[in-house]
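Report on the structure given below.
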Amino acid sequence: MEQPIHIALGLTDEEYASITELLGREPNHLELAMYAVMWSEHCSYKSSRVHLKRLPTEAPWVLVGPGENAGVVDVGDGIAAAIRIESHNHPSAIEPYQGAATGVGGILRDIFTMGARPIALMDPLRFGPLSDARSRWIAEGVVSGVSGYGNSVGVPNVGGETVFDPTYMGNPLVNVLCLGLLPTERLVLGQATGVGNLAVLLGSSTGRDGIGGVSVLASAGFSDEETDAEKRPSVQVGDPYEEKRLIEACLELLDAGLVVGIQDLGGAGLACATSETASRGGMGMDVDVTAIPRREAGMEPFEVMTSESQERMLAIVEPADLDQVLAICERWEVRAAVIGVVTPGPATGDPDGGRLRILDGFDGEVLCDIPAATLHEDAPLYNRPCAAPAAFDETTRVHGTVPMPASTDVAAELLAMLADPRWVYSQYDHQLFLNTVETPGGDAAVLRLKHPATGADTGRGLALTTDGNHRWCAVDPRHGTALTVAESLLNLACVGARPLAVVNCLNFGNPENPEVMWQLSEAVDGMAEACRAFGVPVIGGNVSLYNESLGTSIDPTPVVGMLGIIDSLDRRPPGVTLSNGGRLLLIGVTQPELSGSRWARERGHHGGRLPALDPAHHLAVADAVRTLVAGGLLTGAHDVSTGGLGVALAEMAARSGLGVNAARIADPAELFSESPSRVVLCVAPENLTAVENVLSAAGVPAARIGVAGGERFSVKGLLDLPLAEVAGTYRDRIPAALGAGTAQA
């Protein structure tokens, strides 16, 4: 028996009943299609909104918090920074190149729709293991898509992460972050105001590529009953050159004061852009569906309104300014068409207004007539059941009782954890605009802060980092997420930056599983607690659910993007490197706890209790490191995180081409522990006393653990390896697997 159309569109019987009640009648096919995409998990956050409200979002420097296209903070000198992070996980699993490319295109539009010029991209990426041919194919396609779009549109990619792990087999995570700058007076919001103002569609024509798009793909996992070919038409196709023209045209329109409000067309396409701009402004809108430029013949109205074809923006323009708007668009070779008009609503004192009407010609048949706000403000809000795993003790925060395995070969265990992501970021242009001071591969990217209107160098800098750790969060999602926020803060400190704001990409499995909802709820609480303790607001984010393959959810993977400011950028940060003869200091306190570490996971251990986080101590460590970096007292600095002290030292050695002679590391637990609030410092001998004095005054413990130099990588009593083997393993692992002709679809 054929299933009801609302079920085929992804709506439940209860949701269909709610729509009928809101309208006071049965919805027609067009209306139902619009509700289906707008009430999808991706667009409505119906399973997560109840939890996201617990995040701290306010601070004196926050100009725009969650709810708009991007968060915006004041960074001084009349400059604001817009930042956003998004996911394109499911499209990238189906069509890796276009899925990743359009993820970049979408995040760029989120930024310039606020009036900001995009100045930097980052891409936290997660794939199945390098040993799996399909995972390699996905990774190669994703990296190619990110580079193909970002390089072509002309925005530097300055960092990110590249993780390979079995939990992402069949369901990669492709998260993209964008940072933009704007003069504070150019800030514009996605609101339609002014009865009679025009809705002008800018950019590409509308096609069948991307119908339903992320609103469909991101609201269900992958099953063995569905093939890539069946889902591929839902993946959008991008054109970076159209996007570049669109950026320049939109920024010129904003500079000229010709736009009342503007909204990008992302998830749910025109259904979203028209309803959100109208309802945010307390207005209504009439839309002529026949005026929308199309690239394919015979498209039905529901296809036009729900298509997620890329490189499109919706601008609200006063009629008197239309000729100027069209002239600017023509100069930039950007298509522009008047497709709608703003109508009265609650903001004008009309309680019966605020309607979104889709018309077959402005004087033609009414195809859709619904309250605009119902498409998102009245979307379902689910407080789904949450349940901790049976093996997790919520009182002690201990997960399971399996004993920790013993180390059998410390050297081999260290080498197995080394992998340089240079193959990935070498394909990205990270020096566009010539603002990049700290390039990809360090603890955080650093950019010169220049005024977006004049290009004048302020003498200050911006720092960016993205971090996530599914292994921590699989053991304890609350504490693991707090540790992730702490890691981001310490990454910024290693380049001399203090934190301003957080954005997050919350990647989780099937929300209909109570354990997954518990993971999400716990992760939100962990992020909230850490951000409050560190005084950093959460100004935006994204939730990606149904990340599962063949019925198995991924490990919980909240990704944190953190923006920081460097008050005086008069020198380059020391970087993840060593200097010959430099003294090595480990600052902070090591907890010899291996639970949640990469070392433990690779030994098959998935439980235990995570190392403790002391926020006050963590802030003291970060402040001390920031002081040392600003004072030019360090020749190298690297936070201790994934892989512990052993991997931190090995990365510094491999990147600098200098050996390490270390001691005072008692056992493998101290070498591989990922306990927080620790940094490895490399200090020239003549500065050692000054550095230790700063640390002592800050109350931060420091231990001299060795010297940099020579051709060996040695930790007394634990391992002794040729530097060439350490560096070669680190350098060659990823490029030997990717781009070698061994990947397959």
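By convention in this document, the chains of the structure tokens carry letters A, B, ... by their order, each chain's residues are numbered from 1, and ligands are numbered from 1 in the order they are shown.
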
All residues 12 Å or closer to Cys250 in chain A, only C-alpha atoms, same chain fewer than 6 positions away omitted, as a ChimeraX atom specification: /A:109,111-117,186,188,200-203,243-244,256-259,261-264,311-316,325-326,328-329,331-336

Atoms to include: N, CA, C and O atoms. Write the selected residues as a compact mmCIF listing (two decimals), in the first residue's frame.
# COMPACT_ATOMS: atom_id res chain seq x y z
N ARG A 109 28.37 32.09 2.60
CA ARG A 109 27.17 32.93 2.51
C ARG A 109 26.64 33.29 3.88
O ARG A 109 26.11 34.40 4.09
N ILE A 111 28.35 34.10 6.28
CA ILE A 111 29.18 35.21 6.77
C ILE A 111 28.88 36.50 6.01
O ILE A 111 28.64 37.55 6.62
N PHE A 112 28.87 36.47 4.68
CA PHE A 112 28.68 37.76 4.00
C PHE A 112 27.24 38.23 4.01
O PHE A 112 26.97 39.40 3.74
N THR A 113 26.30 37.35 4.38
CA THR A 113 24.94 37.84 4.58
C THR A 113 24.84 38.74 5.82
O THR A 113 23.88 39.51 5.95
N MET A 114 25.82 38.68 6.72
CA MET A 114 25.85 39.60 7.87
C MET A 114 26.52 40.92 7.52
O MET A 114 26.61 41.81 8.37
N GLY A 115 27.03 41.04 6.30
CA GLY A 115 27.77 42.24 5.91
C GLY A 115 29.26 42.10 6.06
O GLY A 115 29.99 43.08 5.93
N ALA A 116 29.74 40.89 6.33
CA ALA A 116 31.17 40.67 6.58
C ALA A 116 31.84 40.07 5.35
O ALA A 116 31.25 39.24 4.65
N ARG A 117 33.08 40.48 5.11
CA ARG A 117 33.87 39.84 4.07
C ARG A 117 34.55 38.60 4.67
O ARG A 117 35.27 38.71 5.66
N ARG A 186 28.20 48.32 9.20
CA ARG A 186 27.68 47.59 8.05
C ARG A 186 26.89 46.35 8.45
O ARG A 186 26.36 45.63 7.59
N VAL A 188 24.16 43.85 9.10
CA VAL A 188 22.78 43.76 8.62
C VAL A 188 22.24 42.40 9.02
O VAL A 188 22.98 41.42 9.12
N VAL A 200 14.28 40.54 -3.62
CA VAL A 200 15.05 40.38 -4.84
C VAL A 200 15.95 39.16 -4.69
O VAL A 200 16.76 39.08 -3.76
N LEU A 201 15.81 38.19 -5.58
CA LEU A 201 16.62 36.99 -5.57
C LEU A 201 17.88 37.24 -6.38
O LEU A 201 17.81 37.60 -7.56
N LEU A 202 19.03 37.07 -5.75
CA LEU A 202 20.32 37.33 -6.37
C LEU A 202 21.05 36.01 -6.60
O LEU A 202 20.97 35.10 -5.78
N GLY A 203 21.80 35.93 -7.71
CA GLY A 203 22.69 34.80 -7.92
C GLY A 203 22.17 33.78 -8.90
O GLY A 203 21.46 34.09 -9.86
N GLU A 243 29.84 32.33 -6.75
CA GLU A 243 29.88 32.76 -5.35
C GLU A 243 30.77 33.99 -5.18
O GLU A 243 30.43 34.92 -4.44
N LYS A 244 31.91 34.01 -5.85
CA LYS A 244 32.81 35.16 -5.75
C LYS A 244 32.12 36.43 -6.24
O LYS A 244 32.19 37.48 -5.59
N ALA A 256 26.65 50.53 -0.05
CA ALA A 256 25.86 51.63 -0.60
C ALA A 256 24.56 51.85 0.16
O ALA A 256 23.80 52.77 -0.18
N GLY A 257 24.28 51.01 1.16
CA GLY A 257 23.05 51.17 1.95
C GLY A 257 21.79 50.85 1.17
O GLY A 257 20.74 51.44 1.45
N LEU A 258 21.89 49.93 0.22
CA LEU A 258 20.76 49.63 -0.67
C LEU A 258 19.96 48.41 -0.24
O LEU A 258 19.02 48.03 -0.92
N VAL A 259 20.34 47.80 0.88
CA VAL A 259 19.69 46.57 1.33
C VAL A 259 19.12 46.77 2.72
O VAL A 259 19.83 47.20 3.64
N GLY A 261 17.45 44.20 4.40
CA GLY A 261 17.75 42.93 5.05
C GLY A 261 18.22 41.95 4.00
O GLY A 261 17.95 42.13 2.81
N ILE A 262 18.92 40.93 4.42
CA ILE A 262 19.45 39.97 3.45
C ILE A 262 19.59 38.61 4.12
O ILE A 262 19.86 38.51 5.32
N GLN A 263 19.35 37.57 3.34
CA GLN A 263 19.36 36.20 3.86
C GLN A 263 19.91 35.28 2.79
O GLN A 263 19.54 35.38 1.62
N ASP A 264 20.83 34.38 3.20
CA ASP A 264 21.32 33.41 2.22
C ASP A 264 20.31 32.29 2.06
O ASP A 264 19.47 32.06 2.92
N GLU A 311 24.58 29.29 -4.31
CA GLU A 311 24.97 30.64 -4.75
C GLU A 311 23.76 31.55 -4.97
O GLU A 311 23.63 32.23 -5.98
N ARG A 312 22.84 31.56 -3.99
CA ARG A 312 21.66 32.43 -4.08
C ARG A 312 21.49 33.19 -2.77
O ARG A 312 21.77 32.67 -1.69
N MET A 313 21.02 34.43 -2.90
CA MET A 313 20.73 35.29 -1.74
C MET A 313 19.39 35.97 -1.97
O MET A 313 19.00 36.24 -3.11
N LEU A 314 18.71 36.27 -0.89
CA LEU A 314 17.45 37.02 -0.96
C LEU A 314 17.66 38.36 -0.26
O LEU A 314 17.95 38.40 0.94
N ALA A 315 17.53 39.45 -1.02
CA ALA A 315 17.72 40.80 -0.48
C ALA A 315 16.38 41.53 -0.41
O ALA A 315 15.56 41.42 -1.33
N ILE A 316 16.17 42.27 0.66
CA ILE A 316 14.98 43.11 0.80
C ILE A 316 15.39 44.54 0.44
O ILE A 316 16.30 45.11 1.06
N VAL A 325 20.24 48.77 -7.44
CA VAL A 325 20.55 47.38 -7.10
C VAL A 325 20.78 46.57 -8.37
O VAL A 325 21.77 45.82 -8.49
N LEU A 326 19.90 46.73 -9.33
CA LEU A 326 20.04 45.97 -10.58
C LEU A 326 21.30 46.37 -11.33
O LEU A 326 21.97 45.52 -11.94
N ILE A 328 24.19 47.46 -10.03
CA ILE A 328 25.35 46.87 -9.36
C ILE A 328 25.43 45.38 -9.68
O ILE A 328 26.51 44.85 -9.98
N CYS A 329 24.30 44.70 -9.66
CA CYS A 329 24.30 43.27 -9.97
C CYS A 329 24.73 43.03 -11.41
O CYS A 329 25.47 42.08 -11.70
N ARG A 331 26.76 44.88 -13.15
CA ARG A 331 28.20 45.11 -13.26
C ARG A 331 28.99 43.89 -12.78
O ARG A 331 30.05 43.58 -13.33
N TRP A 332 28.48 43.21 -11.77
CA TRP A 332 29.17 42.02 -11.25
C TRP A 332 28.70 40.73 -11.94
O TRP A 332 29.10 39.64 -11.53
N GLU A 333 27.86 40.88 -12.96
CA GLU A 333 27.34 39.72 -13.70
C GLU A 333 26.62 38.74 -12.78
O GLU A 333 26.77 37.52 -12.87
N VAL A 334 25.82 39.31 -11.88
CA VAL A 334 25.01 38.54 -10.95
C VAL A 334 23.54 38.71 -11.34
O VAL A 334 23.04 39.83 -11.45
N ARG A 335 22.86 37.60 -11.57
CA ARG A 335 21.45 37.64 -11.93
C ARG A 335 20.64 38.20 -10.76
O ARG A 335 20.88 37.86 -9.59
N ALA A 336 19.66 39.07 -11.05
CA ALA A 336 18.80 39.63 -10.02
C ALA A 336 17.37 39.66 -10.54
O ALA A 336 17.12 40.09 -11.67

Check which residues of range 574-657 of chain A sit at most 12 Å from range 403-419 of chain A using only C-alpha atoms, and return one row each with the closest pair of atoms and their distance in Å to one decimal, ordered by chain and rising number, as JSON lines.
{"residue": "A:Pro592", "atom": "CA", "partner": "A:Met404", "partner_atom": "CA", "distance": 12.0}
{"residue": "A:Glu593", "atom": "CA", "partner": "A:Met404", "partner_atom": "CA", "distance": 9.7}
{"residue": "A:Leu594", "atom": "CA", "partner": "A:Met404", "partner_atom": "CA", "distance": 7.9}
{"residue": "A:Ser595", "atom": "CA", "partner": "A:Met404", "partner_atom": "CA", "distance": 7.8}
{"residue": "A:Gly596", "atom": "CA", "partner": "A:Met404", "partner_atom": "CA", "distance": 10.7}
{"residue": "A:Ser597", "atom": "CA", "partner": "A:Met404", "partner_atom": "CA", "distance": 11.1}
{"residue": "A:Arg598", "atom": "CA", "partner": "A:Met417", "partner_atom": "CA", "distance": 7.9}
{"residue": "A:Trp599", "atom": "CA", "partner": "A:Glu413", "partner_atom": "CA", "distance": 7.5}
{"residue": "A:Ala600", "atom": "CA", "partner": "A:Met404", "partner_atom": "CA", "distance": 7.4}
{"residue": "A:Arg601", "atom": "CA", "partner": "A:Met404", "partner_atom": "CA", "distance": 10.2}
{"residue": "A:Glu602", "atom": "CA", "partner": "A:Glu413", "partner_atom": "CA", "distance": 8.9}
{"residue": "A:Arg603", "atom": "CA", "partner": "A:Pro405", "partner_atom": "CA", "distance": 7.0}
{"residue": "A:Gly604", "atom": "CA", "partner": "A:Pro405", "partner_atom": "CA", "distance": 8.5}
{"residue": "A:His605", "atom": "CA", "partner": "A:Met404", "partner_atom": "CA", "distance": 6.6}
{"residue": "A:His606", "atom": "CA", "partner": "A:Met404", "partner_atom": "CA", "distance": 9.4}
{"residue": "A:Gly607", "atom": "CA", "partner": "A:Met404", "partner_atom": "CA", "distance": 8.9}
{"residue": "A:Gly608", "atom": "CA", "partner": "A:Met404", "partner_atom": "CA", "distance": 8.3}
{"residue": "A:Arg609", "atom": "CA", "partner": "A:Met404", "partner_atom": "CA", "distance": 11.1}
{"residue": "A:Thr642", "atom": "CA", "partner": "A:Met417", "partner_atom": "CA", "distance": 9.0}
{"residue": "A:Gly643", "atom": "CA", "partner": "A:Met417", "partner_atom": "CA", "distance": 6.7}
{"residue": "A:Gly644", "atom": "CA", "partner": "A:Leu414", "partner_atom": "CA", "distance": 9.7}
{"residue": "A:Leu645", "atom": "CA", "partner": "A:Leu414", "partner_atom": "CA", "distance": 10.2}
{"residue": "A:Gly646", "atom": "CA", "partner": "A:Leu414", "partner_atom": "CA", "distance": 6.7}
{"residue": "A:Val647", "atom": "CA", "partner": "A:Leu414", "partner_atom": "CA", "distance": 6.8}
{"residue": "A:Ala648", "atom": "CA", "partner": "A:Leu418", "partner_atom": "CA", "distance": 9.8}
{"residue": "A:Leu649", "atom": "CA", "partner": "A:Leu414", "partner_atom": "CA", "distance": 10.5}
{"residue": "A:Ala650", "atom": "CA", "partner": "A:Leu418", "partner_atom": "CA", "distance": 7.9}
{"residue": "A:Glu651", "atom": "CA", "partner": "A:Leu418", "partner_atom": "CA", "distance": 7.7}
{"residue": "A:Met652", "atom": "CA", "partner": "A:Leu418", "partner_atom": "CA", "distance": 11.5}
{"residue": "A:Ala653", "atom": "CA", "partner": "A:Leu418", "partner_atom": "CA", "distance": 11.7}
{"residue": "A:Ala654", "atom": "CA", "partner": "A:Leu418", "partner_atom": "CA", "distance": 9.8}
{"residue": "A:Arg655", "atom": "CA", "partner": "A:Ala419", "partner_atom": "CA", "distance": 11.6}

Option closest in space to Leu63 in chain A, from A:Gly526, A:Gly540, A:Asp363, A:Gly461 [counting only C-alpha atoms]: A:Gly540

Members of range 383-473 of chain A assigned helix (DSSP H, G or I) by DSSP, as a PyMOL selection string: chain A and resi 410-415+422-425+432-434+470-473

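Interatomic distance, CA of Val174 in chain A against CA of Glu308 in chain A: 18.2 Å.
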
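When CA of Tyr149 in chain A is paired with CA of Gly106 in chain A, their separation reads 10.9 Å.
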
Which of range 582-745 of chain A DSSP labels strand (DSSP E), written as a PyMOL selection string: chain A and resi 583-587+636-639+660-662+679-683+702-708+712-715+719-722

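Note that CA of Gly581 in chain A and CA of Leu695 in chain A are 20.9 Å apart.
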
Option closest in space to Val342 in chain A, from A:Gly180, A:Gly710, A:Pro421, A:Gly282 [counting only C-alpha atoms]: A:Gly282

Contact residues around Asn491 in chain A with only C-alpha atoms at 12 Å, ignoring same-chain residues under 5 positions, as a PyMOL selection string: chain A and resi 441-446+463-467+484-486+496-499+560-564+573+575-576+618+621-623+625-626+637-641+676-680

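Of the listed residues (A:Met169, A:Ile119, A:Ala690, A:Ala59), A:Met169 comes nearest to Asp132 in chain A; the distances count only C-alpha atoms.
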